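Student: My structure file protein.txt, compact mmCIF, C-alpha atoms, is below:
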```
# COMPACT_ATOMS: atom_id res chain seq x y z
CA MET D 196 11.68 -7.91 0.22
CA LEU D 197 8.26 -9.33 -0.64
CA THR D 198 5.88 -10.41 2.13
CA LEU D 199 3.55 -13.26 1.16
CA ASP D 200 0.61 -14.61 3.14
CA LEU D 201 -0.48 -18.16 2.30
CA CYS D 202 -3.99 -18.76 3.65
CA THR D 203 -6.14 -21.78 4.21
CA PHE D 204 -9.83 -20.95 3.86
CA ASP D 205 -12.97 -22.64 5.14
CA PRO D 206 -15.81 -22.32 2.59
CA GLY D 207 -18.26 -23.63 5.17
CA ALA D 208 -17.94 -20.42 7.17
CA ALA D 209 -21.37 -19.13 8.09
CA ALA D 210 -22.74 -16.68 5.51
CA LYS D 211 -26.35 -15.85 4.70
CA SER D 212 -25.83 -14.57 1.17
CA PRO D 213 -23.28 -14.54 -1.65
CA PHE D 214 -22.36 -10.95 -0.77
CA ALA D 215 -21.81 -11.92 2.86
CA PHE D 216 -19.55 -14.77 1.74
CA ALA D 217 -17.60 -12.38 -0.50
CA ALA D 218 -17.26 -9.97 2.43
CA ALA D 219 -15.61 -12.75 4.48
CA VAL D 220 -13.09 -13.37 1.70
CA VAL D 221 -12.38 -9.64 1.36
CA GLU D 222 -11.85 -9.36 5.13
CA CYS D 223 -9.31 -12.20 5.02
CA VAL D 224 -7.35 -10.48 2.25
CA GLU D 225 -7.55 -6.94 3.63
CA THR D 226 -6.48 -8.07 7.10
CA SER D 227 -3.33 -9.59 5.62
CA TRP D 228 -2.62 -6.47 3.58
CA ASP D 229 -3.20 -4.21 6.58
CA GLU D 230 -0.79 -6.33 8.62
CA GLY D 231 1.99 -5.95 6.06
CA ALA D 232 1.49 -8.61 3.39
CA ASP D 233 2.15 -7.56 -0.21
CA LEU D 234 0.61 -10.68 -1.78
CA VAL D 235 -2.13 -12.99 -0.48
CA VAL D 236 -2.99 -16.44 -1.83
CA LEU D 237 -6.25 -18.32 -1.16
CA PRO D 238 -6.92 -22.01 -1.91
CA GLU D 239 -8.47 -23.75 -4.86
CA TYR D 240 -12.29 -23.87 -4.73
CA THR D 241 -12.54 -21.09 -2.15
CA TRP D 242 -15.61 -19.82 -3.99
CA MET D 243 -17.51 -23.11 -3.98
CA GLY D 244 -18.66 -21.89 -0.58
CA LEU D 245 -21.20 -19.95 -2.65
CA GLU D 246 -22.95 -23.10 -3.84
CA PRO D 247 -25.21 -23.58 -0.77
CA LEU D 248 -26.20 -19.90 -1.12
CA VAL D 249 -27.43 -19.98 -4.73
CA GLU D 250 -30.28 -21.60 -6.62
CA PRO D 251 -30.09 -23.85 -8.45
CA ARG D 252 -27.06 -25.26 -6.69
CA SER D 253 -24.44 -25.99 -9.35
CA PRO D 254 -20.94 -24.94 -10.46
CA GLN D 255 -22.52 -23.17 -13.45
CA ARG D 256 -24.70 -21.05 -11.17
CA VAL D 257 -21.72 -20.26 -8.91
CA ALA D 258 -19.92 -18.99 -12.04
CA GLU D 259 -22.86 -16.76 -12.93
CA VAL D 260 -23.16 -15.27 -9.44
CA PHE D 261 -19.43 -14.71 -9.01
CA TRP D 262 -18.66 -13.15 -12.38
CA ASN D 263 -21.95 -11.29 -12.94
CA GLU D 264 -22.86 -10.17 -9.42
CA LEU D 265 -19.76 -10.19 -7.21
CA PHE D 266 -16.75 -9.62 -9.43
CA LEU D 267 -17.00 -5.85 -9.95
CA THR D 268 -17.50 -5.27 -6.23
CA LEU D 269 -14.51 -7.47 -5.41
CA ARG D 270 -12.44 -5.64 -8.00
CA SER D 271 -13.34 -2.30 -6.46
CA LEU D 272 -12.65 -3.38 -2.88
CA LEU D 273 -9.39 -5.20 -3.66
CA ASN D 274 -7.86 -2.64 -6.01
CA ARG D 275 -4.96 -1.45 -3.87
CA PRO D 276 -1.70 -0.04 -5.26
CA ASP D 277 1.35 -2.27 -4.73
CA LYS D 278 -0.78 -5.14 -3.42
CA ALA D 279 -1.81 -8.40 -5.08
CA VAL D 280 -4.06 -11.37 -4.40
CA VAL D 281 -4.70 -14.79 -5.91
CA LEU D 282 -8.38 -15.24 -5.04
CA GLY D 283 -8.42 -19.04 -4.93
CA THR D 284 -10.42 -20.54 -7.79
CA VAL D 285 -14.00 -20.28 -9.06
CA PRO D 286 -15.86 -21.78 -12.03
CA PHE D 287 -15.74 -19.59 -15.16
CA TRP D 288 -18.03 -20.06 -18.15
CA ASP D 289 -16.26 -19.45 -21.47
CA ALA D 290 -19.25 -18.70 -23.69
CA GLU D 291 -17.12 -18.51 -26.83
CA ARG D 292 -15.88 -22.08 -26.43
CA GLY D 293 -18.88 -23.43 -24.52
CA ALA D 294 -16.59 -24.59 -21.70
CA LEU D 295 -16.46 -24.29 -17.92
CA HIS D 296 -12.99 -23.71 -16.46
CA ASN D 297 -11.61 -23.92 -12.94
CA ARG D 298 -10.16 -20.39 -12.86
CA ALA D 299 -8.00 -18.45 -10.41
CA PRO D 300 -8.73 -14.69 -10.56
CA ILE D 301 -5.58 -12.65 -9.86
CA PHE D 302 -5.57 -8.95 -8.95
CA VAL D 303 -2.23 -7.14 -9.21
CA GLY D 304 -2.81 -3.50 -8.35
CA ASP D 305 -5.28 -2.40 -11.03
CA GLN D 306 -4.48 -5.35 -13.33
CA ILE D 307 -6.90 -8.25 -13.71
CA LEU D 308 -5.23 -11.57 -14.54
CA HIS D 309 -6.21 -15.23 -14.31
CA GLN D 310 -4.97 -18.80 -14.51
CA ASP D 311 -7.03 -21.86 -15.50
CA LYS D 312 -6.31 -25.32 -14.15
CA LEU D 313 -4.57 -27.42 -16.82
CA HIS D 314 -4.99 -30.99 -15.53
CA LEU D 315 -8.23 -32.21 -13.99
CA THR D 316 -8.95 -34.96 -11.47
CA PRO D 317 -11.50 -37.68 -12.37
CA TRP D 318 -14.21 -35.94 -10.34
CA GLU D 319 -13.76 -32.61 -12.17
CA SER D 320 -15.55 -33.81 -15.30
CA VAL D 321 -17.72 -30.67 -15.35
CA PHE D 322 -14.64 -28.64 -16.33
CA THR D 323 -12.56 -28.25 -19.48
CA PRO D 324 -8.77 -27.96 -18.98
CA GLY D 325 -7.06 -24.65 -19.63
CA SER D 326 -4.53 -24.34 -22.42
CA GLU D 327 -2.08 -21.68 -21.20
CA LEU D 328 0.27 -21.28 -18.26
CA ARG D 329 0.55 -17.55 -17.68
CA LEU D 330 3.57 -15.82 -16.16
CA TRP D 331 3.12 -12.42 -14.50
CA GLU D 332 5.22 -9.82 -12.77
CA PHE D 333 4.85 -8.27 -9.33
CA ALA D 334 7.35 -6.43 -7.13
CA GLY D 335 10.16 -7.24 -9.54
CA LEU D 336 9.56 -11.00 -9.41
CA CYS D 337 8.14 -13.44 -11.96
CA PHE D 338 5.19 -15.57 -10.77
CA ALA D 339 3.25 -18.59 -11.95
CA VAL D 340 0.06 -19.99 -10.45
CA VAL D 341 0.00 -23.79 -10.74
CA ILE D 342 -3.28 -25.19 -9.42
CA CYS D 343 -3.38 -28.34 -7.25
CA LEU D 344 -2.95 -31.43 -9.50
CA ASP D 345 -0.92 -29.32 -11.95
CA ILE D 346 1.98 -29.17 -9.46
CA GLU D 347 2.09 -32.99 -9.57
CA ILE D 348 2.76 -33.00 -13.33
CA PRO D 349 6.54 -32.86 -13.97
CA GLU D 350 6.02 -31.91 -17.62
CA ILE D 351 4.83 -28.50 -16.39
CA SER D 352 8.06 -28.04 -14.48
CA ALA D 353 10.00 -29.03 -17.61
CA ARG D 354 8.15 -26.39 -19.66
CA LEU D 355 8.94 -23.74 -17.03
CA ARG D 356 12.66 -24.54 -17.01
CA GLY D 357 14.59 -21.50 -18.16
CA ALA D 358 11.55 -19.19 -18.03
CA GLY D 359 12.93 -17.25 -15.06
CA VAL D 360 10.09 -18.07 -12.68
CA ASP D 361 10.92 -16.81 -9.20
CA VAL D 362 7.80 -17.87 -7.28
CA VAL D 363 5.27 -20.64 -7.97
CA LEU D 364 1.96 -20.35 -6.10
CA VAL D 365 -0.15 -23.47 -5.59
CA PRO D 366 -3.81 -23.04 -4.56
CA SER D 367 -5.05 -26.53 -3.73
CA THR D 368 -7.98 -28.61 -2.48
CA THR D 369 -7.51 -32.05 -0.94
CA ASP D 370 -9.87 -34.22 1.07
CA THR D 371 -7.32 -36.54 2.71
CA ILE D 372 -3.79 -36.40 4.06
CA LEU D 373 -2.68 -38.39 1.01
CA GLY D 374 -3.74 -35.53 -1.26
CA VAL D 375 -1.95 -33.04 0.97
CA GLU D 376 1.21 -35.14 0.75
CA ARG D 377 1.04 -35.52 -3.03
CA VAL D 378 0.71 -31.80 -3.60
CA ASP D 379 3.27 -30.74 -1.02
CA ARG D 380 5.91 -33.35 -1.84
CA CYS D 381 5.68 -32.41 -5.52
CA ALA D 382 5.82 -28.71 -4.65
CA SER D 383 9.08 -29.37 -2.82
CA ALA D 384 10.48 -31.12 -5.92
CA ARG D 385 9.49 -28.19 -8.13
CA ALA D 386 11.42 -25.81 -5.85
CA VAL D 387 14.55 -27.91 -6.39
CA GLU D 388 14.03 -28.42 -10.13
CA LEU D 389 13.20 -24.82 -10.98
CA GLY D 390 15.27 -22.97 -8.40
CA SER D 391 12.04 -21.22 -7.41
CA ILE D 392 10.20 -20.53 -4.19
CA VAL D 393 6.99 -22.57 -4.09
CA GLY D 394 4.10 -21.66 -1.78
CA VAL D 395 1.09 -23.92 -1.18
CA CYS D 396 -2.26 -23.29 0.50
CA HIS D 397 -5.03 -25.87 0.87
CA LEU D 398 -8.75 -25.60 1.46
CA THR D 399 -10.15 -26.69 4.84
CA GLY D 400 -13.60 -27.31 6.28
CA LYS D 401 -16.86 -28.80 5.09
CA VAL D 402 -19.40 -27.47 2.59
CA ALA D 403 -22.36 -28.90 0.68
CA SER D 404 -21.09 -28.74 -2.90
CA GLU D 405 -21.09 -30.83 -6.06
CA LEU D 406 -17.31 -30.48 -6.28
CA ILE D 407 -16.08 -30.46 -2.69
CA ASP D 408 -17.27 -31.89 0.62
CA VAL D 409 -14.80 -32.47 3.46
CA ASN D 410 -11.42 -30.79 3.07
CA VAL D 411 -8.16 -30.99 4.99
CA GLY D 412 -4.98 -29.05 4.35
CA ARG D 413 -2.24 -26.76 5.46
CA THR D 414 0.10 -24.05 4.28
CA ALA D 415 3.64 -24.79 3.18
CA VAL D 416 6.56 -23.04 1.52
CA TYR D 417 9.62 -24.59 -0.13
CA PHE D 418 12.87 -22.87 -1.09
CA PRO D 419 15.67 -24.12 -3.35
CA SER D 420 18.21 -26.29 -1.51
CA GLN D 421 21.11 -24.09 -2.55
CA ALA D 422 23.84 -22.22 -0.67
CA ALA D 423 22.11 -18.85 -0.99
CA PHE D 424 19.34 -20.22 1.25
CA ARG D 425 21.59 -22.10 3.68
CA GLU D 426 21.07 -19.80 6.67
CA SER D 427 17.28 -20.11 6.89
CA PRO D 428 14.74 -22.96 6.84
CA ARG D 429 14.30 -24.25 3.29
CA TRP D 430 10.84 -25.65 3.93
CA VAL D 431 8.16 -24.79 6.45
CA GLU D 432 4.95 -26.81 6.69
CA SER D 433 2.14 -26.00 9.09
CA GLU D 434 0.12 -28.68 10.85
CA VAL D 435 -2.78 -30.16 8.90
CA PHE D 436 -6.12 -28.47 9.65
CA ASP D 437 -9.65 -29.71 9.06
CA SER D 438 -11.36 -26.32 9.43
CA GLY D 439 -10.80 -22.60 9.72
CA ILE D 440 -8.61 -19.87 8.25
CA HIS D 441 -4.90 -20.18 8.99
CA LYS D 442 -2.10 -18.01 7.63
CA GLN D 443 1.59 -18.53 7.03
CA ARG D 444 3.74 -15.48 6.41
CA VAL D 445 6.71 -15.83 4.08
CA VAL D 446 9.36 -13.16 3.44
CA ILE D 447 11.02 -13.48 0.05
CA ALA D 448 14.38 -11.84 -0.59
CA PRO D 449 14.90 -11.42 -4.36
CA ARG D 450 18.64 -11.06 -3.76
CA ASP D 451 18.87 -14.70 -2.61
CA LEU D 452 17.47 -15.84 -5.95
CA GLU D 453 19.90 -13.56 -7.80
CA VAL D 454 22.89 -14.89 -5.82
CA MET D 455 21.82 -18.50 -6.43
CA ARG D 456 21.63 -17.96 -10.19
CA ARG D 457 25.12 -16.46 -10.28
CA MET D 458 26.65 -19.52 -8.60
CA LYS D 459 27.34 -21.45 -11.79
CA GLN D 460 29.74 -23.94 -10.20
CA GLU D 461 27.21 -25.13 -7.62
CA THR D 462 25.26 -28.30 -8.38
CA ASN D 463 21.87 -26.86 -9.26
CA PRO D 464 19.41 -28.62 -11.63
CA SER D 465 17.64 -25.36 -12.39
CA LEU D 466 20.79 -23.99 -14.06
CA LEU D 467 21.30 -26.86 -16.50
CA GLU D 468 21.32 -25.32 -19.97
CA SER D 469 20.86 -28.57 -21.86
CA LEU D 470 19.45 -31.96 -20.96
CA PRO D 471 21.01 -35.26 -22.02
CA THR D 472 19.37 -37.26 -24.76
CA PHE D 473 18.64 -40.79 -23.66
CA GLU D 474 16.35 -43.74 -24.20
CA VAL D 475 14.57 -45.91 -21.67
CA VAL D 476 15.44 -49.58 -22.22
CA ARG D 477 14.54 -52.76 -20.41
CA GLY D 478 17.07 -55.39 -19.37
```
Please lay out the structure from this file as structure tokens.

Tutor:
Amino acid sequence: MLTLDLCTFDPGAAAKSPFAFAAAVVECVETSWDEGADLVVLPEYTWMGLEPLVEPRSPQRVAEVFWNELFLTLRSLLNRPDKAVVLGTVPFWDAERGALHNRAPIFVGDQILHQDKLHLTPWESVFTPGSELRLWEFAGLCFAVVICLDIEIPEISARLRGAGVDVVLVPSTTDTILGVERVDRCASARAVELGSIVGVCHLTGKVASELIDVNVGRTAVYFPSQAAFRESPRWVESEVFDSGIHKQRVVIAPRDLEVMRRMKQETNPSLLESLPTFEVVRG
């Protein structure tokens, strides 16, 4: 069994310094771990809560403070055997390419991983899209982090077909209920298409930032709609929050995924080995 905590996070939480803000994030993660979670996921743009605490206020300066001043301390504090965390997202300056990315740092035991957002909204013009979707292993399961708008892009799901992804994690930021619905309804579709468990966590609260302002969201998890999952809820969505930290605990049984994939006679789009060739015609 794998125990997953999906967390909303409020970047407007009172903090007097970048280190104090980082301490609040660490407390959120460590509390979940101490209470039995194996893996914790925080929302997209969690770290833009640093922007009001730095000068000059900008995504570039947030990147400098996070990666140059906070990262090693975070790595030391959150290096725990058999535990993992997706630390939301934070700007990352790629000096080699001269590009700023919206990056999710991922700690898996003593491993340091990351995932960059691949598709950007119109207001994310400060960023350059990432070019790789990285798969990683933890507790015998295969994971992908698909950030916010990326979960709404069906071509990503098509590329993941057949890759053996067990769990898709979706850190997200949305400022209206319409954004929450887009992300969550698409996350549910990905669970069906890929035969994967998809967990979503949104940002909440208000913060003075170039990239985010007012945020609403929830936590949600979606399971495949297959017989192996018949006896338990196949989707659980919390209420929508406009502030605060809220957690949803999810217990994942790898055996259910294994049983589902052995049921070759069951109608299951994730098990299709070949797709039909067709054309779109009018009339």

Student: Which is closest to D:Ser465 among D:Cys202, D:Val281, D:Leu452, D:Met243, if we use all atoms listed in the file?

Tutor: D:Leu452

Student: Kindly indicate which residue among D:Ile348, D:Ser438, D:Gly293, D:Phe473 lies nearest to D:Ala384, using all atoms listed in the file for the distances.

Tutor: D:Ile348

Student: Which one is closest to D:Leu295: D:Ile307, D:Leu313, D:Val321, D:Leu273? Count all atoms listed in the file.

Tutor: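 Selected residue with least distance to D:Leu295: D:Val321.
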
Student: Pick from D:Gly304, D:Val363, D:Leu398, D:Glu388: nearest to D:Trp242, with all atoms listed in the file counted?

Tutor: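 Of D:Gly304, D:Val363, D:Leu398, D:Glu388, the one nearest D:Trp242 is D:Leu398, counting all atoms listed in the file.
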
Student: Using all atoms listed in the file, which of D:Glu291, D:Glu225, D:Glu239, D:Asp451 sits nearest D:Val340?

Tutor: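 So, comparing all the options, the nearest one is D:Glu239.
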
Student: How many Å lie between atom CA of D:Ile440 and atom CA of D:Gly400, rounded to one decimal?

Tutor: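 Distance reported for this atom pair: 9.2 Å.
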